[in-house]
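Here is my_file34.cif, consisting of mmCIF, N, CA and C atoms:
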```
data_protein
#
loop_
_atom_site.label_atom_id
_atom_site.label_comp_id
_atom_site.auth_asym_id
_atom_site.auth_seq_id
_atom_site.Cartn_x
_atom_site.Cartn_y
_atom_site.Cartn_z
N MET C 168 -11.26 56.79 138.72
CA MET C 168 -12.00 57.22 137.53
C MET C 168 -12.19 56.02 136.61
N ASP C 169 -13.34 55.87 136.11
CA ASP C 169 -13.68 54.75 135.26
C ASP C 169 -13.40 55.12 133.80
N PHE C 170 -12.30 54.56 133.23
CA PHE C 170 -11.88 54.91 131.87
C PHE C 170 -12.79 54.31 130.80
N GLU C 171 -13.48 53.24 131.13
CA GLU C 171 -14.35 52.60 130.15
C GLU C 171 -15.59 53.44 129.86
N ARG C 172 -15.96 54.29 130.78
CA ARG C 172 -17.17 55.10 130.61
C ARG C 172 -16.84 56.53 130.18
N ARG C 173 -15.57 56.84 130.01
CA ARG C 173 -15.17 58.19 129.64
C ARG C 173 -15.62 58.49 128.21
N ILE C 174 -16.18 59.65 127.98
CA ILE C 174 -16.64 60.06 126.65
C ILE C 174 -15.52 60.84 125.99
N LEU C 175 -15.20 60.47 124.76
CA LEU C 175 -14.14 61.12 124.01
C LEU C 175 -14.73 62.11 123.02
N PRO C 176 -14.02 63.22 122.78
CA PRO C 176 -14.46 64.13 121.72
C PRO C 176 -14.39 63.41 120.37
N PHE C 177 -15.19 63.84 119.41
CA PHE C 177 -15.27 63.15 118.13
C PHE C 177 -13.92 63.03 117.43
N TYR C 178 -13.05 64.07 117.54
CA TYR C 178 -11.79 64.03 116.83
C TYR C 178 -10.82 63.02 117.44
N MET C 179 -11.03 62.62 118.68
CA MET C 179 -10.15 61.64 119.31
C MET C 179 -10.47 60.22 118.84
N THR C 180 -11.55 60.03 118.14
CA THR C 180 -11.90 58.69 117.65
C THR C 180 -11.23 58.37 116.33
N TYR C 181 -10.60 59.34 115.69
CA TYR C 181 -9.88 59.09 114.44
C TYR C 181 -8.55 58.43 114.74
N PRO C 182 -8.03 57.61 113.81
CA PRO C 182 -6.83 56.82 114.08
C PRO C 182 -5.59 57.64 114.47
N ALA C 183 -5.35 58.79 113.86
CA ALA C 183 -4.13 59.54 114.12
C ALA C 183 -4.38 60.73 115.03
N ALA C 184 -5.37 60.65 115.89
CA ALA C 184 -5.75 61.81 116.69
C ALA C 184 -4.79 62.08 117.84
N GLY C 185 -4.22 61.05 118.43
CA GLY C 185 -3.37 61.24 119.60
C GLY C 185 -1.96 61.64 119.20
N TYR C 186 -1.23 62.19 120.17
CA TYR C 186 0.15 62.58 119.89
C TYR C 186 1.01 61.38 119.56
N GLY C 187 0.79 60.28 120.25
CA GLY C 187 1.59 59.09 120.01
C GLY C 187 1.29 58.42 118.68
N ASN C 188 0.11 58.63 118.16
CA ASN C 188 -0.28 57.96 116.92
C ASN C 188 0.05 58.77 115.67
N ALA C 189 0.30 60.04 115.82
CA ALA C 189 0.55 60.89 114.66
C ALA C 189 1.90 60.56 114.05
N ALA C 190 1.99 60.70 112.74
CA ALA C 190 3.25 60.44 112.05
C ALA C 190 4.26 61.52 112.42
N PRO C 191 5.53 61.15 112.50
CA PRO C 191 6.55 62.17 112.80
C PRO C 191 6.61 63.22 111.70
N TYR C 192 7.15 64.39 112.06
CA TYR C 192 7.17 65.51 111.12
C TYR C 192 7.85 65.15 109.81
N GLY C 193 8.95 64.45 109.88
CA GLY C 193 9.67 64.07 108.66
C GLY C 193 8.83 63.20 107.74
N GLN C 194 8.07 62.31 108.34
CA GLN C 194 7.20 61.44 107.55
C GLN C 194 6.06 62.23 106.91
N GLN C 195 5.50 63.18 107.67
CA GLN C 195 4.44 64.02 107.11
C GLN C 195 4.97 64.82 105.94
N ASN C 196 6.19 65.34 106.08
CA ASN C 196 6.82 66.11 105.02
C ASN C 196 7.02 65.26 103.78
N ALA C 197 7.47 64.02 103.96
CA ALA C 197 7.67 63.12 102.83
C ALA C 197 6.33 62.80 102.17
N ASP C 198 5.28 62.64 102.97
CA ASP C 198 3.96 62.37 102.40
C ASP C 198 3.47 63.54 101.56
N VAL C 199 3.70 64.76 102.02
CA VAL C 199 3.29 65.95 101.27
C VAL C 199 4.03 66.01 99.94
N LEU C 200 5.34 65.75 99.97
CA LEU C 200 6.11 65.79 98.73
C LEU C 200 5.68 64.68 97.77
N ARG C 201 5.38 63.51 98.29
CA ARG C 201 4.93 62.42 97.44
C ARG C 201 3.59 62.76 96.79
N ASP C 202 2.69 63.36 97.55
CA ASP C 202 1.40 63.79 96.99
C ASP C 202 1.60 64.86 95.93
N LEU C 203 2.48 65.82 96.20
CA LEU C 203 2.76 66.88 95.24
C LEU C 203 3.26 66.29 93.93
N GLU C 204 4.20 65.37 94.01
CA GLU C 204 4.73 64.74 92.80
C GLU C 204 3.66 63.93 92.07
N TYR C 205 2.81 63.26 92.81
CA TYR C 205 1.73 62.48 92.18
C TYR C 205 0.81 63.39 91.37
N PHE C 206 0.40 64.50 91.97
CA PHE C 206 -0.51 65.40 91.26
C PHE C 206 0.19 66.11 90.12
N ARG C 207 1.48 66.31 90.22
CA ARG C 207 2.22 66.92 89.10
C ARG C 207 2.21 66.02 87.87
N GLN C 208 2.11 64.72 88.08
CA GLN C 208 2.05 63.80 86.96
C GLN C 208 0.80 64.02 86.11
N MET C 209 -0.19 64.66 86.69
CA MET C 209 -1.44 64.91 85.97
C MET C 209 -1.40 66.20 85.16
N TYR C 210 -0.32 66.96 85.26
CA TYR C 210 -0.21 68.18 84.47
C TYR C 210 -0.26 67.84 82.99
N PRO C 211 -0.76 68.74 82.16
CA PRO C 211 -0.69 68.53 80.71
C PRO C 211 0.78 68.44 80.26
N ALA C 212 1.01 67.80 79.13
CA ALA C 212 2.37 67.54 78.64
C ALA C 212 3.19 68.83 78.51
N GLU C 213 2.57 69.88 78.00
CA GLU C 213 3.27 71.15 77.81
C GLU C 213 3.74 71.72 79.16
N VAL C 214 2.88 71.64 80.15
CA VAL C 214 3.22 72.15 81.47
C VAL C 214 4.31 71.30 82.11
N ARG C 215 4.24 69.97 81.92
CA ARG C 215 5.30 69.10 82.45
C ARG C 215 6.64 69.43 81.83
N ARG C 216 6.63 69.74 80.55
CA ARG C 216 7.88 70.10 79.86
C ARG C 216 8.44 71.39 80.45
N HIS C 217 7.56 72.37 80.69
CA HIS C 217 8.02 73.62 81.31
C HIS C 217 8.54 73.35 82.72
N GLN C 218 7.85 72.50 83.48
CA GLN C 218 8.28 72.20 84.85
C GLN C 218 9.66 71.55 84.84
N THR C 219 9.90 70.66 83.90
CA THR C 219 11.20 70.00 83.80
C THR C 219 12.28 71.02 83.50
N ARG C 220 12.01 71.94 82.59
CA ARG C 220 13.00 72.96 82.24
C ARG C 220 13.26 73.90 83.43
N ILE C 221 12.23 74.24 84.18
CA ILE C 221 12.40 75.08 85.37
C ILE C 221 13.27 74.36 86.39
N ALA C 222 13.05 73.06 86.58
CA ALA C 222 13.86 72.28 87.52
C ALA C 222 15.33 72.26 87.08
N GLU C 223 15.57 72.14 85.78
CA GLU C 223 16.94 72.16 85.28
C GLU C 223 17.61 73.49 85.55
N ILE C 224 16.89 74.57 85.35
CA ILE C 224 17.46 75.90 85.59
C ILE C 224 17.70 76.11 87.08
N LEU C 225 16.78 75.66 87.92
CA LEU C 225 16.96 75.81 89.37
C LEU C 225 18.09 74.93 89.91
N ASP C 226 18.41 73.84 89.21
CA ASP C 226 19.54 73.02 89.64
C ASP C 226 20.82 73.85 89.71
N LYS C 227 20.94 74.81 88.81
CA LYS C 227 22.13 75.68 88.80
C LYS C 227 22.11 76.67 89.95
N MET C 228 20.93 76.93 90.51
CA MET C 228 20.81 77.88 91.62
C MET C 228 20.67 77.17 92.96
N ASP C 229 20.75 75.86 92.96
CA ASP C 229 20.51 75.07 94.17
C ASP C 229 21.83 74.85 94.91
N TYR C 230 22.20 75.80 95.72
CA TYR C 230 23.41 75.72 96.53
C TYR C 230 23.14 76.41 97.86
N GLU C 231 23.99 76.13 98.82
CA GLU C 231 23.80 76.73 100.15
C GLU C 231 23.94 78.24 100.04
N GLY C 232 23.00 78.95 100.61
CA GLY C 232 23.01 80.41 100.56
C GLY C 232 22.29 81.00 99.37
N SER C 233 21.70 80.14 98.53
CA SER C 233 20.97 80.60 97.35
C SER C 233 19.73 81.38 97.78
N VAL C 234 19.29 82.26 96.89
CA VAL C 234 18.11 83.08 97.16
C VAL C 234 16.86 82.22 97.34
N ILE C 235 16.85 81.03 96.75
CA ILE C 235 15.66 80.18 96.87
C ILE C 235 15.53 79.62 98.28
N TYR C 236 16.59 79.69 99.08
CA TYR C 236 16.53 79.20 100.45
C TYR C 236 16.47 80.32 101.48
N ASP C 237 16.25 81.55 101.04
CA ASP C 237 16.06 82.64 102.00
C ASP C 237 14.86 82.34 102.88
N GLU C 238 14.91 82.82 104.12
CA GLU C 238 13.79 82.57 105.03
C GLU C 238 12.49 83.13 104.46
N TYR C 239 12.56 84.34 103.94
CA TYR C 239 11.41 84.98 103.30
C TYR C 239 11.84 85.42 101.91
N PRO C 240 11.67 84.56 100.90
CA PRO C 240 12.09 84.94 99.54
C PRO C 240 11.38 86.21 99.08
N ASP C 241 12.11 87.05 98.41
CA ASP C 241 11.59 88.31 97.91
C ASP C 241 10.74 88.04 96.66
N ARG C 242 9.52 88.56 96.66
CA ARG C 242 8.61 88.34 95.53
C ARG C 242 9.19 88.92 94.23
N TYR C 243 9.80 90.09 94.32
CA TYR C 243 10.38 90.71 93.13
C TYR C 243 11.47 89.82 92.53
N THR C 244 12.29 89.24 93.38
CA THR C 244 13.37 88.38 92.89
C THR C 244 12.79 87.15 92.20
N LEU C 245 11.76 86.55 92.80
CA LEU C 245 11.14 85.38 92.16
C LEU C 245 10.44 85.75 90.86
N GLU C 246 9.81 86.92 90.83
CA GLU C 246 9.16 87.36 89.58
C GLU C 246 10.20 87.60 88.49
N ARG C 247 11.32 88.19 88.86
CA ARG C 247 12.39 88.44 87.89
C ARG C 247 12.98 87.13 87.38
N LEU C 248 13.16 86.17 88.28
CA LEU C 248 13.64 84.86 87.89
C LEU C 248 12.65 84.18 86.95
N ALA C 249 11.36 84.30 87.25
CA ALA C 249 10.32 83.73 86.38
C ALA C 249 10.35 84.39 85.00
N GLU C 250 10.56 85.70 84.96
CA GLU C 250 10.66 86.39 83.66
C GLU C 250 11.85 85.87 82.86
N ASN C 251 12.99 85.69 83.52
CA ASN C 251 14.17 85.17 82.84
C ASN C 251 13.93 83.76 82.32
N ILE C 252 13.29 82.92 83.11
CA ILE C 252 12.98 81.56 82.69
C ILE C 252 12.00 81.58 81.52
N THR C 253 11.01 82.47 81.58
CA THR C 253 10.05 82.60 80.48
C THR C 253 10.77 82.97 79.19
N ASP C 254 11.70 83.91 79.28
CA ASP C 254 12.47 84.30 78.09
C ASP C 254 13.28 83.13 77.54
N ILE C 255 13.90 82.37 78.43
CA ILE C 255 14.69 81.21 77.99
C ILE C 255 13.79 80.20 77.28
N ILE C 256 12.64 79.90 77.87
CA ILE C 256 11.73 78.92 77.28
C ILE C 256 11.19 79.41 75.95
N ARG C 257 10.85 80.69 75.87
CA ARG C 257 10.34 81.24 74.60
C ARG C 257 11.39 81.16 73.51
N ARG C 258 12.64 81.47 73.84
CA ARG C 258 13.71 81.37 72.82
C ARG C 258 13.89 79.94 72.35
N GLU C 259 13.90 79.00 73.30
CA GLU C 259 14.06 77.59 72.93
C GLU C 259 12.89 77.10 72.09
N GLU C 260 11.68 77.50 72.46
CA GLU C 260 10.49 77.07 71.72
C GLU C 260 10.42 77.73 70.35
N SER C 261 10.84 78.97 70.24
CA SER C 261 10.75 79.66 68.95
C SER C 261 11.72 79.07 67.95
N GLN C 262 12.79 78.44 68.45
CA GLN C 262 13.71 77.77 67.54
C GLN C 262 13.08 76.51 66.96
N GLN C 263 12.17 75.89 67.71
CA GLN C 263 11.53 74.66 67.23
C GLN C 263 10.26 74.96 66.43
N ASP C 264 9.40 75.78 66.99
CA ASP C 264 8.09 76.08 66.40
C ASP C 264 7.73 77.52 66.74
N SER C 265 6.66 77.96 66.16
CA SER C 265 6.11 79.23 66.58
C SER C 265 5.21 78.96 67.77
N MET C 266 5.66 79.35 68.96
CA MET C 266 4.90 79.05 70.17
C MET C 266 3.57 79.79 70.18
N GLN C 267 3.50 80.93 69.55
CA GLN C 267 2.24 81.67 69.53
C GLN C 267 1.14 80.85 68.87
N GLU C 268 1.48 80.14 67.79
CA GLU C 268 0.48 79.33 67.10
C GLU C 268 0.15 78.06 67.88
N ARG C 269 1.18 77.43 68.44
CA ARG C 269 0.97 76.14 69.08
C ARG C 269 0.19 76.28 70.39
N LEU C 270 0.54 77.25 71.23
CA LEU C 270 -0.10 77.38 72.52
C LEU C 270 -1.22 78.41 72.55
N GLY C 271 -1.27 79.25 71.55
CA GLY C 271 -2.22 80.34 71.61
C GLY C 271 -1.84 81.31 72.71
N ASP C 272 -0.55 81.49 72.93
CA ASP C 272 -0.05 82.34 74.01
C ASP C 272 -0.34 83.79 73.70
N ASP C 273 -1.01 84.46 74.61
CA ASP C 273 -1.33 85.87 74.42
C ASP C 273 -0.26 86.77 75.03
N GLY C 274 0.81 86.18 75.53
CA GLY C 274 1.88 86.97 76.13
C GLY C 274 1.69 87.22 77.61
N LYS C 275 0.53 86.90 78.14
CA LYS C 275 0.26 87.14 79.57
C LYS C 275 0.12 85.84 80.34
N THR C 276 -0.39 84.81 79.70
CA THR C 276 -0.64 83.55 80.38
C THR C 276 0.65 82.83 80.75
N MET C 277 1.58 82.76 79.83
CA MET C 277 2.79 81.99 80.07
C MET C 277 3.61 82.52 81.26
N PRO C 278 3.85 83.82 81.38
CA PRO C 278 4.62 84.28 82.55
C PRO C 278 3.95 83.91 83.88
N SER C 279 2.63 83.95 83.93
CA SER C 279 1.93 83.57 85.15
C SER C 279 2.10 82.09 85.44
N LEU C 280 2.00 81.28 84.41
CA LEU C 280 2.19 79.85 84.56
C LEU C 280 3.60 79.54 85.03
N ILE C 281 4.58 80.16 84.42
CA ILE C 281 5.98 79.93 84.79
C ILE C 281 6.22 80.36 86.23
N PHE C 282 5.63 81.47 86.66
CA PHE C 282 5.80 81.92 88.04
C PHE C 282 5.23 80.90 89.02
N VAL C 283 4.04 80.38 88.72
CA VAL C 283 3.43 79.39 89.61
C VAL C 283 4.28 78.11 89.66
N LEU C 284 4.74 77.65 88.51
CA LEU C 284 5.57 76.45 88.48
C LEU C 284 6.89 76.68 89.22
N LEU C 285 7.46 77.87 89.09
CA LEU C 285 8.70 78.21 89.79
C LEU C 285 8.50 78.19 91.29
N VAL C 286 7.44 78.83 91.77
CA VAL C 286 7.18 78.87 93.21
C VAL C 286 6.94 77.46 93.75
N ASN C 287 6.23 76.62 92.99
CA ASN C 287 6.02 75.23 93.42
C ASN C 287 7.34 74.47 93.51
N GLU C 288 8.22 74.67 92.55
CA GLU C 288 9.52 73.99 92.57
C GLU C 288 10.39 74.48 93.73
N VAL C 289 10.36 75.77 93.99
CA VAL C 289 11.12 76.32 95.12
C VAL C 289 10.57 75.74 96.42
N TYR C 290 9.25 75.68 96.54
CA TYR C 290 8.63 75.11 97.74
C TYR C 290 9.08 73.67 97.95
N LYS C 291 9.06 72.89 96.87
CA LYS C 291 9.46 71.49 96.97
C LYS C 291 10.90 71.36 97.44
N ARG C 292 11.78 72.18 96.90
CA ARG C 292 13.19 72.11 97.28
C ARG C 292 13.41 72.57 98.71
N ARG C 293 12.66 73.56 99.13
CA ARG C 293 12.81 74.04 100.51
C ARG C 293 12.30 73.02 101.51
N ARG C 294 11.39 72.16 101.10
CA ARG C 294 10.84 71.13 101.97
C ARG C 294 11.65 69.84 101.92
N GLY C 295 12.77 69.86 101.24
CA GLY C 295 13.64 68.68 101.22
C GLY C 295 13.41 67.74 100.07
N GLY C 296 12.66 68.17 99.08
CA GLY C 296 12.44 67.31 97.91
C GLY C 296 13.70 67.23 97.07
N ARG C 297 13.82 66.12 96.40
CA ARG C 297 14.98 65.96 95.53
C ARG C 297 14.87 66.89 94.33
N ARG C 298 15.99 67.09 93.69
CA ARG C 298 16.00 67.96 92.52
C ARG C 298 15.29 67.29 91.36
N GLY C 299 14.76 68.12 90.47
CA GLY C 299 14.16 67.60 89.26
C GLY C 299 12.69 67.31 89.40
N PHE C 300 12.14 66.77 88.35
CA PHE C 300 10.72 66.51 88.24
C PHE C 300 10.47 65.01 88.35
N PHE C 301 9.38 64.61 88.94
CA PHE C 301 9.02 63.21 89.14
C PHE C 301 10.08 62.48 89.95
N SER C 302 10.42 63.01 91.10
CA SER C 302 11.45 62.38 91.93
C SER C 302 10.82 61.66 93.10
N ILE C 303 9.86 60.81 92.82
CA ILE C 303 9.22 60.04 93.89
C ILE C 303 10.24 59.02 94.37
N ARG C 304 10.32 58.89 95.68
CA ARG C 304 11.37 58.02 96.25
C ARG C 304 11.07 56.58 96.06
#
```
Before we go any further, please render this structure as structure tokens.
Amino acid sequence: MDFERRILPFYMTYPAAGYGNAAPYGQQNADVLRDLEYFRQMYPAEVRRHQTRIAEILDKMDYEGSVIYDEYPDRYTLERLAENITDIIRREESQQDSMQERLGDDGKTMPSLIFVLLVNEVYKRRRGGRRGFFSIR
């Protein structure tokens, strides 16, 4: 068989198309976490502050056998955890300022934001990311 005349499918012409050329799974995982951290740096300051506080709270729950490492985390449990974190953040913020005036919080937006940030932090930890925010290696 003449290998010089063999026609390759279009996807085989890309640099990482072959099995031997693809990055190992651990490296791909590290790349995903690095990208996630990079894009998190673009969050608005208020959101970064909430993300940092969520990471601090999850540090206390980051142990072997924790609910955040369940194979299939229960949505109700994560929603309840997000509600508790929202209450903690609201209490801390109300001691400093009136959060309603500063953020224009209608009472519905913040819990949704906290839930999304919580799920992202849990995902990062389950994928082997270091604890905390901005933990680029």
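Atom to atom, atom N of C:Asn251 and atom N of C:Phe282 stand 9.0 Å apart.
The shell of residues at most 12 Å from C:Thr244, with only C-alpha atoms counted and near chain neighbours (fewer than 2 positions) removed, consists of Ser233, Val234, Ile235, Asp237, Tyr239, Pro240, Asp241, Arg242, Glu246, Arg247, Leu248, Ala249, Glu250, Asn251, Phe282, Leu285 and Val286 of chain C.
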Completion exercise
Counting only N, CA and C atoms, the residue among C:Glu204, C:Thr253, C:Asp226, C:Val199 that lies closest to C:Met277 is C:Thr253
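Minimum atom-to-atom distance to C:Gln218, evaluated using all atoms listed in the file, belongs to C:Leu284 out of C:Gly295, C:Tyr290, C:Ser261, C:Leu284.
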Handout entry: Separation of atom CA of C:Val283 from atom C of C:Ile252 in Å
Key = 12.0 Å
Exercise for the section: Measure the distance from atom C of C:Tyr236 to atom CA of C:Glu288 in Å and round it to one decimal. Expected result: 13.0 Å
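The result of the PyMOL selection byres (((chain C and resi 213 and name CA) around 12) and name CA) on the shown file is C:Gln208, C:Met209, C:Tyr210, C:Pro211, C:Ala212, C:Val214, C:Arg215, C:Arg216, C:His217, C:Gln218, C:Thr219, C:Arg220, C:Ile256, C:Glu260, C:Met266, C:Arg269, C:Leu270, C:Met277, C:Leu280, C:Ile281.
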